[in-house]
Each structure stands twice: as structure tokens, then as C-alpha cells.
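Read the structure below first, then the notes.
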Amino acid sequence: MNKFLASILLSLSAVCALAANDINPKLSGEWWPSRWISCNDGSAGGYGVWHFRKSFDLAAVPSEFVIDISADNRYILYVNGERVATGPAKGDLFNWNVDVLDIAPYLKAGRNVLAVEVWNSSDAKPIAQFTMRKGELLVQGNSDASEIVNTSGEGWVCLHNQAYSPNEFTYYTGPLECVDFAKYPWGWERPGYDDSKWGAAAAGMQAAAKGARDYPGRPLVQTAIPQMEYTPQSFARVRYASGAEVPSGFLNGASPVTVPAGTKAEMLLDQGCLTTGYPVLTASGGRNATITLSYSESLYLAAEGEQKGDRNQIEGKYFRGTADKVICDGGAGRTFSPLWWRTWRYLKVEVQTGDEPLTINSISSFFSAYPFENQTTFEAKDRPELGDMLEIGWRTARLCAHETYMDCPYYEQLQYFGDTRIQAMVSMYNSSDSRLVKNALLQGHQSIMADGITQSRYPSTVQQFIPSFSLFWIGMGYDYWRYRGDEEFLKTLLPDYRRIISWYEARLKDNGSLGRIPFWFFLDWAPGMANGEPARETDGDSALQDLLFMIALDNVAQMEKSFGIHAMAEYYNSLRGRVAAGFEKKYWDAGRGLYADTPAHRSFSQHTNAMAVLAGMAEGEKACTVLENTLKDKSLIQATIYFNYYVNLALEKAGMGDMYLDRLDIWKGLMDLGLTTWAERPEPSRSDCHAWGSSPNIEFFRIVLGIDSAAPGFSEIEISPSLGSLTRVKGSMPHPKGEISVGYTVNRHGKLVADITVPDGVPARFVWQGRTYPLEAGRQTIVIRKED
């Protein structure tokens, strides 16, 4: 590992320390002593990168040195030359995140230096990025001792780094970078750097926490999530190279690549799987040479279109992707790493040298994403490929979770609440860390417009409305309540839930159905659904509109009742009854044994029939008949990757979970195409990574192993496995009070041996073939013979 990599690798203890502090209570809801600072040369306001430095002396290393730090748009913090943190996490202009960091582990007795890189993408900023005053930095000490580093303007110096310019612009993710090494102030972050010619930073607006009186904008809130993971990773192999010889030790940093003068060289690096992170390239010499780093999820079968074929194959295919670029200055050991993380499986390096040869000393990267830890285990002796599915699903979920959940890491990088509901469930089933789930719920609240519904995605500077996603956002809160509790927080969301319900209620017609819901009523990228919307009549009358509304009413009614607001629960139950009263007459088709999408009975879908079961419109034997017909009749509009989550949920509710393991063909097909993450939709797919496809990372535990919450907060456990044809399977998952582990063996005579461990203090039960067996805390073995 070269010196650059070693200098910025965070230790686990340091990462933990960064997340273990709170804003000083004296600063909460108040104006702060610190001010936002910027460069005093007039450069702030447009696209740019700025460096700030603050030198200070300490008599001894303190046990704690907590600071609050933020920037507009973003920052990277170095302490005595070590990379410590990045931020602020995505928020909005009324909820501007500030990170609370204990930097004591990086300090020393004597002279210390805080160095902060701040950048602003200006008009080219990503859709998710808000901005108010561009190129500003804020640092506030959290105690009397640490206030020595306050950005009051005194002692802070600044330099506009003119090496940066935009290389490319993508509508969703912002500009990629072009860096001219000749203009770069090398070593600016290190303690020994001479900053005597830098200008004094200009002090601007005084900072204030949210709640301060008469504050004009960008009020500060403490970041609710930890720092992102930042872990070194290496490329798997070089797939091809031309123009220069690539030695065998290149990818592990042992042997450099030399590109002769006057040469165009190219090499394609394969990560082995899709990833998100920061590529790091170190080069020497080659004055005026250019190096372009291009990023792609996969190669394409044609110059245009979305067909990609086998993701492992590159022969005869086309590379298309976004790119960063550097212009070399002839210096030794020059290192480039982009300011914002990139997404790739394939990284293409293109070099054009001039009069001098260029040496590429090394290229590697740092993986970056939300620091989830997978706390599950799963092993099926009969079906080892299921473990591969879980690995792919967890990778997909991780790459789609950074400072927010996001639909995909390569394209939009936006937190769509329909996607996020499934992502949140993946998190709660696979990890005990629910902070990103709660953050997503909070950001849904922040997105709500005066009309009464959430935006489809948030944070976002471009408003978009998908009213169905407002109902799924309610469902996400319901899921959070069922699996994590947190009643006091969820009570604060009840007014939002009521506003959404009222928005829908205003569109109810006399016949009990909703009128045509405006905006984009997206449901699934299913063939037969134009623009992803279900069939609807001109004036509404859509089974799916009505069903989603009924399910949301039921979710909110349960929470209202549990939280003690019985009148609202009764009202919502009554409203649900009004919608349900005419549902059967309008939508049930007795001849087909299915629910139609509209009263005209011209369109039928798996979506409507699955949601009818989930809404309780079909129960018992009827639910089983509906679902059997739904799966058997291929003339129905078929659910794709996303909405199969709800189809499988309906199967589980109807007691048909044993069919689940036979319904994985979509995922098997993606594996056959060499995907290492789940695609947005079956081939052809624009995006190779959409976490709404990670539902098996829920269903293997909830349906197959049968582990589920039986009461709010997972305060009761029900274990009701649906093993299908499996004869030996075991697994475990986290619970708020510990771990749940199960192991099942079924012999050829149908005898079941269940080895189950549940946490202390949690009532639990085991259900098998219609019979219920109480469970005790700790480990136990249950033997059930077929004749029993």
C-alpha cells in the first residue's frame, strides 16, 4: 500500500469515536459563535474547489476534542495530514447537516493543522444537493478548549484550487472532474505545507442551529447517521491492454506501468463485481500527458441501446461510461482521487503521452457506502445457489445505501420512497443498525408539500410527485413500527400520515373509489403498464389505487389505535370500509376467479390480485384460489423484480409460502447473465444495480426460515417456516434484543427437527402445519413427526 493510501485509512476505533458525540447543548437551537467562511478572492459562488487551513498549538494531547463541521456543498477534513471525515450528509435548506466529530485521536502536542477541502458544483450540482452560499465552511468547537478552531475568520486561511474544472456533467450525479496537476497545490493538507501566501478567509453569516430566532436559512441539525465506510479494495484483473505492457504485479502495487512518449495506451480493469468508491491513481512524469478514467457498470452489445448480455464478457462489446480526466505536470508521485465516489465494475484507463514517458505507479480504490454490517447467516444444503443470491442481494443493498438510500448508484442516486420501503426492510432483517431507516422516514416528512403528499424522492432540488410512493412511505413507517418500535418518533409522523390520507380522501367519489390520481402513479416497470402506471379509467376507478389506499388506511389506523388516538383509528377504519364496500362488485370477475384492474374488466394483473390479498379483500380459500390463478394465468400483466416483493408477501399471508423458492427465475436469470448486483428490471435494463431487487434478503428469513415480528417493536416473535422442497437449512438474523437462530431438518418420512434459539424476554411461538408450539428463551429443539 503506498503512502497516500496508508495516510487516509481510518482505524475502526477512530470511526467509532467520530460517531459517539452530540452537539453541545448550549448550541442547540441557538446562534453560534462561529461564522461561515469562504475565500476572500471573489471565487466563491460558482463551480470550484477551495482549501482551508487552521494551525493551532496544544500543550498536550487532549482526551477529547469535539468539533461541529459543515460546508456548502461538501467537505473533506484532514487533521495533521490524515483524512478523517467527509460531509455533510445530504439534507435540505431547512435541515442542513453538521457532523459532530471527536478529532482527539489525530492530534498531538505542539503544532496541529486542520485542513479542509470544500467544493461546490454550482449549477452542475447533483439533483439531491441543495446549496445556499457556495464554497463556504463552518467549524465550531463543542467545548471551551476546542473553540480555538472556530471559523470566526481569525487564523483560517484559504486558497482557491484552480486545478479543477468540470470534465463531464450528468443530470443526476453532478460534474465529473478534470484536474490539471500543474496547478495543484501539492501537500496542502500536510502540517509542513507553507500557507503563508494564502489569503485570510472571509467571515460571512453567523451560524445557527435549527430553532434559533429569526435565522434566515440553512439552519443546522446534527447528522443522524455515521461516517461512510472507507475501506481499501483492489481490482481483480486487467481484461485487456494496448500501447503499454502491464506487468503481473501492477494491480497489487508491486510493478508500475510505463507508457512511452508519443503513445496512446489503454487498459480495461475489472473489479470482479460492481462497486462504489473512490479510485486512487498515482502517476509520475509524463508532462502534459492526459489520463482518463472512465466508469461503467457493464459493456454493451451495441453502440446504442441497453442490451448488455453476459456481464463477464467483453469481446466485441462497447464501452460507454462517465469519465474523470487528469493532465500531468511531470512531477513524481502525483495522486488523483475524485471528490465524490464513483460506481463501476469496469474502469477504463486511457493515456495519451506527449514528449515524455508516463509511469502509472499504481491504481486501486477505496470502497465507500453506508457502514452496514451483515448480521445474518443462511445455509441451505440442498440449494447452495441461495447463498449466492443473498451475497448478490446484500451487495446490491449496500451499493444503494450511502448518506441516504438511493434507487441506483450509477444513475440518479436519489432516495425514492417506493424503493426505500424494501431497502429499509432489507436493513432491518440483516442489520441491527436502523439509523438510515429512521433518516429516510424523517426525510419523507421533510419532503411533504403544502398540498399534503410527499415528494417521490428526497432530498431533491427538482420536485417530482409519485402519489403511490406517499402510501409506500406510510408503509415504511408501519414496517419500522412493527420491527423496531420507536413509538415516540412515529407519533411525530402521524400528522403527515393524516395529511396524505386527507389528500387521497378528497379524491374519493360517491361510489367509494378514488378518482384518477394526478401526477405519476408509478407502480412497476411491467410490460403492459404504460410508463409504469396501472390500468385506470378516465375518471379513476382503479383497483390498485383503491387497494393501496385501503392498505395505507389500515396501517395508519393500527398505529393511531396503538398510540392511543382511538377516534382517528375508528374514522380510518370507517373510511376503509367505505372504499371496500363496492370493491367486490366493481372488480371481481367470477368467471376468471380474479380481480380486474378496472370495472371494465379489460385488464388483469398480478399486482391487483396480490394487493387484494394483502388488503384483506380475499381471505382464506378465496385468497389461495386468487393467487393460484394469478400465478397460473400468464395472460395477466406480470410483476417484475420490484413488485414481486408484494406478490411474495401475499403468498406468505395466504399460507402459500412453500411456493416461494420456485419463484426465483428472474434472479436466476440475472445470475446467468453474470450480474453481481440485481438489475432494475429484466434484460434489457438500464441500471445494473437497483436495491428493490434485494427482497430475497428479506424473504429467505421471513418466508423460508419463517422469522417474523408478531407485535410492534418485534416484541413478540413468530417462527413459521415455509421450506418448500428444502430438507436441511439453517440461519440467523438480528433482533432488537439479540439474535434469532433456527435450523431445520426434514427427513424422507416428513419428520421435522427444528433447532431454535430466541432472545431472553421476548414471547415467541413456532408454527408448523397449522399447529402452534410455545417457545422458551434460549435454545430448544422441537421434533414433529408427520403423523403428529
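The chains in the C-alpha cells are called A, B, ... from first to last as shown; in each chain the residues are counted from 1, and the ligands are counted from 1 in the order shown.
Within range 347-542 of chain A, DSSP run on the backbone puts these residues in strand (DSSP E): Leu347, Lys348, Val349, Glu350, Val351, Gln352, Leu358, Thr359, Ile360, Asn361, Ser362, Ile363, Ser364, Ser365, Phe366, Phe367, Thr377, Phe378, Glu379 and Ala380 of chain A.
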Can those selected residues be exported to a file as a compact mmCIF listing (two decimals), in the first residue's frame so that it contains all heavy atoms?
```
# COMPACT_ATOMS: atom_id res chain seq x y z
N LEU A 347 -13.39 -0.28 -15.20
CA LEU A 347 -12.76 1.04 -15.22
C LEU A 347 -11.73 1.04 -16.36
O LEU A 347 -10.81 0.21 -16.37
CB LEU A 347 -12.08 1.35 -13.89
CG LEU A 347 -11.60 2.78 -13.67
CD1 LEU A 347 -11.55 3.11 -12.18
CD2 LEU A 347 -10.22 3.02 -14.28
N LYS A 348 -11.93 1.94 -17.30
CA LYS A 348 -11.02 2.04 -18.44
C LYS A 348 -10.04 3.19 -18.21
O LYS A 348 -10.45 4.31 -17.91
CB LYS A 348 -11.80 2.26 -19.74
CG LYS A 348 -10.90 2.30 -20.98
CD LYS A 348 -11.68 2.20 -22.27
CE LYS A 348 -12.54 3.41 -22.54
NZ LYS A 348 -13.13 3.41 -23.89
N VAL A 349 -8.76 2.88 -18.35
CA VAL A 349 -7.70 3.89 -18.22
C VAL A 349 -7.17 4.17 -19.62
O VAL A 349 -6.68 3.27 -20.30
CB VAL A 349 -6.56 3.38 -17.31
CG1 VAL A 349 -5.50 4.47 -17.14
CG2 VAL A 349 -7.10 2.94 -15.95
N GLU A 350 -7.27 5.43 -20.04
CA GLU A 350 -6.76 5.85 -21.34
C GLU A 350 -5.66 6.89 -21.13
O GLU A 350 -5.86 7.86 -20.38
CB GLU A 350 -7.87 6.44 -22.20
CG GLU A 350 -8.97 5.44 -22.54
CD GLU A 350 -10.14 6.12 -23.22
OE1 GLU A 350 -10.98 6.71 -22.51
OE2 GLU A 350 -10.22 6.05 -24.46
N VAL A 351 -4.54 6.68 -21.76
CA VAL A 351 -3.38 7.57 -21.61
C VAL A 351 -2.95 8.07 -22.98
O VAL A 351 -2.85 7.28 -23.93
CB VAL A 351 -2.21 6.85 -20.92
CG1 VAL A 351 -0.99 7.77 -20.83
CG2 VAL A 351 -2.62 6.36 -19.53
N GLN A 352 -2.70 9.36 -23.06
CA GLN A 352 -2.07 9.93 -24.24
C GLN A 352 -0.85 10.72 -23.79
O GLN A 352 -0.99 11.74 -23.11
CB GLN A 352 -3.02 10.85 -25.00
CG GLN A 352 -2.41 11.51 -26.23
CD GLN A 352 -1.97 10.51 -27.28
OE1 GLN A 352 -2.80 9.82 -27.88
NE2 GLN A 352 -0.67 10.41 -27.52
N LEU A 358 5.27 8.31 -19.41
CA LEU A 358 4.49 8.42 -18.18
C LEU A 358 4.54 7.09 -17.44
O LEU A 358 4.40 6.02 -18.04
CB LEU A 358 3.03 8.77 -18.49
CG LEU A 358 2.06 8.72 -17.30
CD1 LEU A 358 2.26 9.95 -16.43
CD2 LEU A 358 0.61 8.64 -17.78
N THR A 359 4.72 7.16 -16.15
CA THR A 359 4.68 5.96 -15.31
C THR A 359 3.41 5.99 -14.45
O THR A 359 3.17 6.95 -13.73
CB THR A 359 5.90 5.88 -14.39
OG1 THR A 359 7.08 5.79 -15.19
CG2 THR A 359 5.81 4.65 -13.49
N ILE A 360 2.61 4.95 -14.59
CA ILE A 360 1.47 4.77 -13.67
C ILE A 360 1.97 3.88 -12.54
O ILE A 360 2.17 2.68 -12.72
CB ILE A 360 0.27 4.15 -14.39
CG1 ILE A 360 -0.19 5.05 -15.54
CG2 ILE A 360 -0.88 3.96 -13.40
CD1 ILE A 360 -1.36 4.48 -16.32
N ASN A 361 2.20 4.49 -11.41
CA ASN A 361 2.78 3.75 -10.29
C ASN A 361 1.82 2.72 -9.72
O ASN A 361 2.21 1.60 -9.39
CB ASN A 361 3.21 4.71 -9.19
CG ASN A 361 4.17 5.76 -9.68
OD1 ASN A 361 3.78 6.89 -9.97
ND2 ASN A 361 5.45 5.40 -9.81
N SER A 362 0.55 3.12 -9.60
CA SER A 362 -0.44 2.20 -9.02
C SER A 362 -1.84 2.71 -9.31
O SER A 362 -2.05 3.90 -9.58
CB SER A 362 -0.25 2.06 -7.50
OG SER A 362 -0.48 3.30 -6.85
N ILE A 363 -2.79 1.80 -9.23
CA ILE A 363 -4.20 2.16 -9.26
C ILE A 363 -4.97 1.17 -8.41
O ILE A 363 -4.79 -0.05 -8.53
CB ILE A 363 -4.76 2.23 -10.70
CG1 ILE A 363 -6.21 2.71 -10.68
CG2 ILE A 363 -4.64 0.89 -11.41
CD1 ILE A 363 -6.75 3.09 -12.04
N SER A 364 -5.77 1.70 -7.53
CA SER A 364 -6.61 0.87 -6.66
C SER A 364 -7.82 1.73 -6.29
O SER A 364 -8.15 2.68 -7.00
CB SER A 364 -5.83 0.42 -5.41
OG SER A 364 -5.39 1.55 -4.68
N SER A 365 -8.48 1.43 -5.19
CA SER A 365 -9.63 2.24 -4.81
C SER A 365 -9.98 2.00 -3.36
O SER A 365 -9.47 1.07 -2.71
CB SER A 365 -10.84 1.91 -5.70
OG SER A 365 -11.29 0.59 -5.47
N PHE A 366 -10.86 2.86 -2.87
CA PHE A 366 -11.45 2.69 -1.55
C PHE A 366 -12.94 2.45 -1.72
O PHE A 366 -13.64 3.25 -2.35
CB PHE A 366 -11.23 3.93 -0.68
CG PHE A 366 -9.89 3.99 -0.04
CD1 PHE A 366 -8.79 4.48 -0.73
CD2 PHE A 366 -9.70 3.57 1.26
CE1 PHE A 366 -7.54 4.53 -0.16
CE2 PHE A 366 -8.45 3.61 1.85
CZ PHE A 366 -7.36 4.09 1.16
N PHE A 367 -13.43 1.36 -1.19
CA PHE A 367 -14.86 1.10 -1.18
C PHE A 367 -15.53 2.08 -0.23
O PHE A 367 -15.04 2.34 0.88
CB PHE A 367 -15.15 -0.33 -0.74
CG PHE A 367 -16.61 -0.59 -0.48
CD1 PHE A 367 -17.48 -0.78 -1.55
CD2 PHE A 367 -17.11 -0.64 0.81
CE1 PHE A 367 -18.83 -1.01 -1.32
CE2 PHE A 367 -18.46 -0.87 1.05
CZ PHE A 367 -19.32 -1.06 -0.02
N THR A 377 -26.89 -15.16 8.92
CA THR A 377 -26.29 -16.36 8.33
C THR A 377 -27.39 -17.14 7.64
O THR A 377 -28.56 -17.07 8.05
CB THR A 377 -25.61 -17.24 9.38
OG1 THR A 377 -26.60 -17.74 10.31
CG2 THR A 377 -24.54 -16.47 10.16
N PHE A 378 -27.04 -17.85 6.59
CA PHE A 378 -28.02 -18.68 5.90
C PHE A 378 -27.27 -19.78 5.16
O PHE A 378 -26.31 -19.51 4.44
CB PHE A 378 -28.83 -17.85 4.90
CG PHE A 378 -29.94 -18.61 4.23
CD1 PHE A 378 -31.23 -18.61 4.76
CD2 PHE A 378 -29.71 -19.33 3.07
CE1 PHE A 378 -32.26 -19.32 4.15
CE2 PHE A 378 -30.72 -20.05 2.45
CZ PHE A 378 -32.00 -20.03 2.99
N GLU A 379 -27.73 -21.01 5.34
CA GLU A 379 -27.11 -22.13 4.65
C GLU A 379 -28.18 -23.16 4.31
O GLU A 379 -28.87 -23.66 5.20
CB GLU A 379 -26.02 -22.78 5.51
CG GLU A 379 -25.31 -23.93 4.82
CD GLU A 379 -24.25 -24.58 5.70
OE1 GLU A 379 -24.05 -24.10 6.83
OE2 GLU A 379 -23.65 -25.57 5.25
N ALA A 380 -28.31 -23.44 3.03
CA ALA A 380 -29.26 -24.46 2.56
C ALA A 380 -28.45 -25.54 1.86
O ALA A 380 -27.95 -25.33 0.75
CB ALA A 380 -30.30 -23.86 1.63
```
TODO: Determine which residues of range 410-513 of chain A receive a DSSP assignment of alpha helix (DSSP H), computed from the backbone, and state them as an MDAnalysis selection string.
DONE: chainID A and resid 417:430 435:447 467:484 487:491 494:505
TODO: Compile the contact shell of range 614-622 of chain A as a ChimeraX atom specification: residues with an atom at most 10 Å away, counting only C-alpha atoms, same-chain residues fewer than 4 positions apart removed.
DONE: /A:546-554,580,583-584,593-595,608-610,626-628,646-647,649-655
Task: 9 Å contact set for range 307-312 of chain A, only C-alpha atoms, chain neighbours under 5 positions out, as a PyMOL selection string - done: chain A and resi 272+297-302+317+672-676+683-686
Task: Distance of CA of Thr322 in chain A from CA of Ala182 in chain A, expressed in Å to one decimal place - done: 23.7 Å
Task: Shell around range 183-188 of chain A at 7 Å using only C-alpha atoms, local window under 2 positions removed, as a PyMOL selection string - done: chain A and resi 161-163+180-181+190+193
TODO: Considering only C-alpha atoms, state which residue in the set A:Pro527, A:Gly262, A:Pro175, A:Pro736 is at the smallest distance from Thr640 in chain A.
DONE: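 Under the stated criterion, the closest residue is A:Pro527.
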Task: Atom pair CA of Ser732 in chain A / CA of Arg702 in chain A: separation (Å) - done: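 Atom-to-atom, CA of Ser732 in chain A and CA of Arg702 in chain A are spaced 10.9 Å apart.
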Task: Residue neighbourhood Glu245 in chain A, 9 Å, only C-alpha atoms, exclusion window fewer than 2 positions, as a ChimeraX atom specification - done: /A:241-243,247,257-259
Written file, previous selection with all heavy atoms, as a PDB file, in the first residue's frame:
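That gives us result_35.pdb:
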```
ATOM      1  N   ALA A 241      -5.127  -4.702 -22.535  1.00  0.00           N
ATOM      2  CA  ALA A 241      -4.244  -3.532 -22.529  1.00  0.00           C
ATOM      3  C   ALA A 241      -3.651  -3.369 -23.916  1.00  0.00           C
ATOM      4  O   ALA A 241      -3.390  -4.357 -24.622  1.00  0.00           O
ATOM      5  CB  ALA A 241      -3.134  -3.683 -21.496  1.00  0.00           C
ATOM      6  N   SER A 242      -3.422  -2.117 -24.303  1.00  0.00           N
ATOM      7  CA  SER A 242      -2.766  -1.822 -25.574  1.00  0.00           C
ATOM      8  C   SER A 242      -1.908  -0.580 -25.393  1.00  0.00           C
ATOM      9  O   SER A 242      -2.215   0.293 -24.585  1.00  0.00           O
ATOM     10  CB  SER A 242      -3.795  -1.586 -26.683  1.00  0.00           C
ATOM     11  OG  SER A 242      -4.592  -0.443 -26.401  1.00  0.00           O
ATOM     12  N   GLY A 243      -0.798  -0.517 -26.130  1.00  0.00           N
ATOM     13  CA  GLY A 243       0.072   0.643 -26.090  1.00  0.00           C
ATOM     14  C   GLY A 243       1.107   0.621 -24.995  1.00  0.00           C
ATOM     15  O   GLY A 243       2.019   1.455 -24.985  1.00  0.00           O
ATOM     16  N   PRO A 247       2.720  -5.263 -16.308  1.00  0.00           N
ATOM     17  CA  PRO A 247       3.361  -6.379 -15.596  1.00  0.00           C
ATOM     18  C   PRO A 247       2.390  -7.058 -14.641  1.00  0.00           C
ATOM     19  O   PRO A 247       1.387  -6.468 -14.220  1.00  0.00           O
ATOM     20  CB  PRO A 247       4.511  -5.707 -14.852  1.00  0.00           C
ATOM     21  CG  PRO A 247       4.114  -4.283 -14.728  1.00  0.00           C
ATOM     22  CD  PRO A 247       3.290  -3.958 -15.923  1.00  0.00           C
ATOM     23  N   VAL A 257       3.358   0.584 -14.544  1.00  0.00           N
ATOM     24  CA  VAL A 257       3.186   0.534 -15.990  1.00  0.00           C
ATOM     25  C   VAL A 257       3.825   1.787 -16.576  1.00  0.00           C
ATOM     26  O   VAL A 257       3.566   2.903 -16.119  1.00  0.00           O
ATOM     27  CB  VAL A 257       1.697   0.481 -16.383  1.00  0.00           C
ATOM     28  CG1 VAL A 257       1.529   0.696 -17.894  1.00  0.00           C
ATOM     29  CG2 VAL A 257       1.073  -0.842 -15.963  1.00  0.00           C
ATOM     30  N   THR A 258       4.661   1.606 -17.584  1.00  0.00           N
ATOM     31  CA  THR A 258       5.292   2.752 -18.245  1.00  0.00           C
ATOM     32  C   THR A 258       4.740   2.884 -19.661  1.00  0.00           C
ATOM     33  O   THR A 258       4.760   1.937 -20.447  1.00  0.00           O
ATOM     34  CB  THR A 258       6.817   2.590 -18.296  1.00  0.00           C
ATOM     35  OG1 THR A 258       7.323   2.520 -16.961  1.00  0.00           O
ATOM     36  CG2 THR A 258       7.449   3.780 -19.008  1.00  0.00           C
ATOM     37  N   VAL A 259       4.230   4.075 -19.955  1.00  0.00           N
ATOM     38  CA  VAL A 259       3.701   4.378 -21.288  1.00  0.00           C
ATOM     39  C   VAL A 259       4.740   5.239 -22.005  1.00  0.00           C
ATOM     40  O   VAL A 259       5.083   6.330 -21.534  1.00  0.00           O
ATOM     41  CB  VAL A 259       2.361   5.126 -21.198  1.00  0.00           C
ATOM     42  CG1 VAL A 259       1.813   5.404 -22.606  1.00  0.00           C
ATOM     43  CG2 VAL A 259       1.353   4.324 -20.375  1.00  0.00           C
TER      44      VAL A 259
END
```
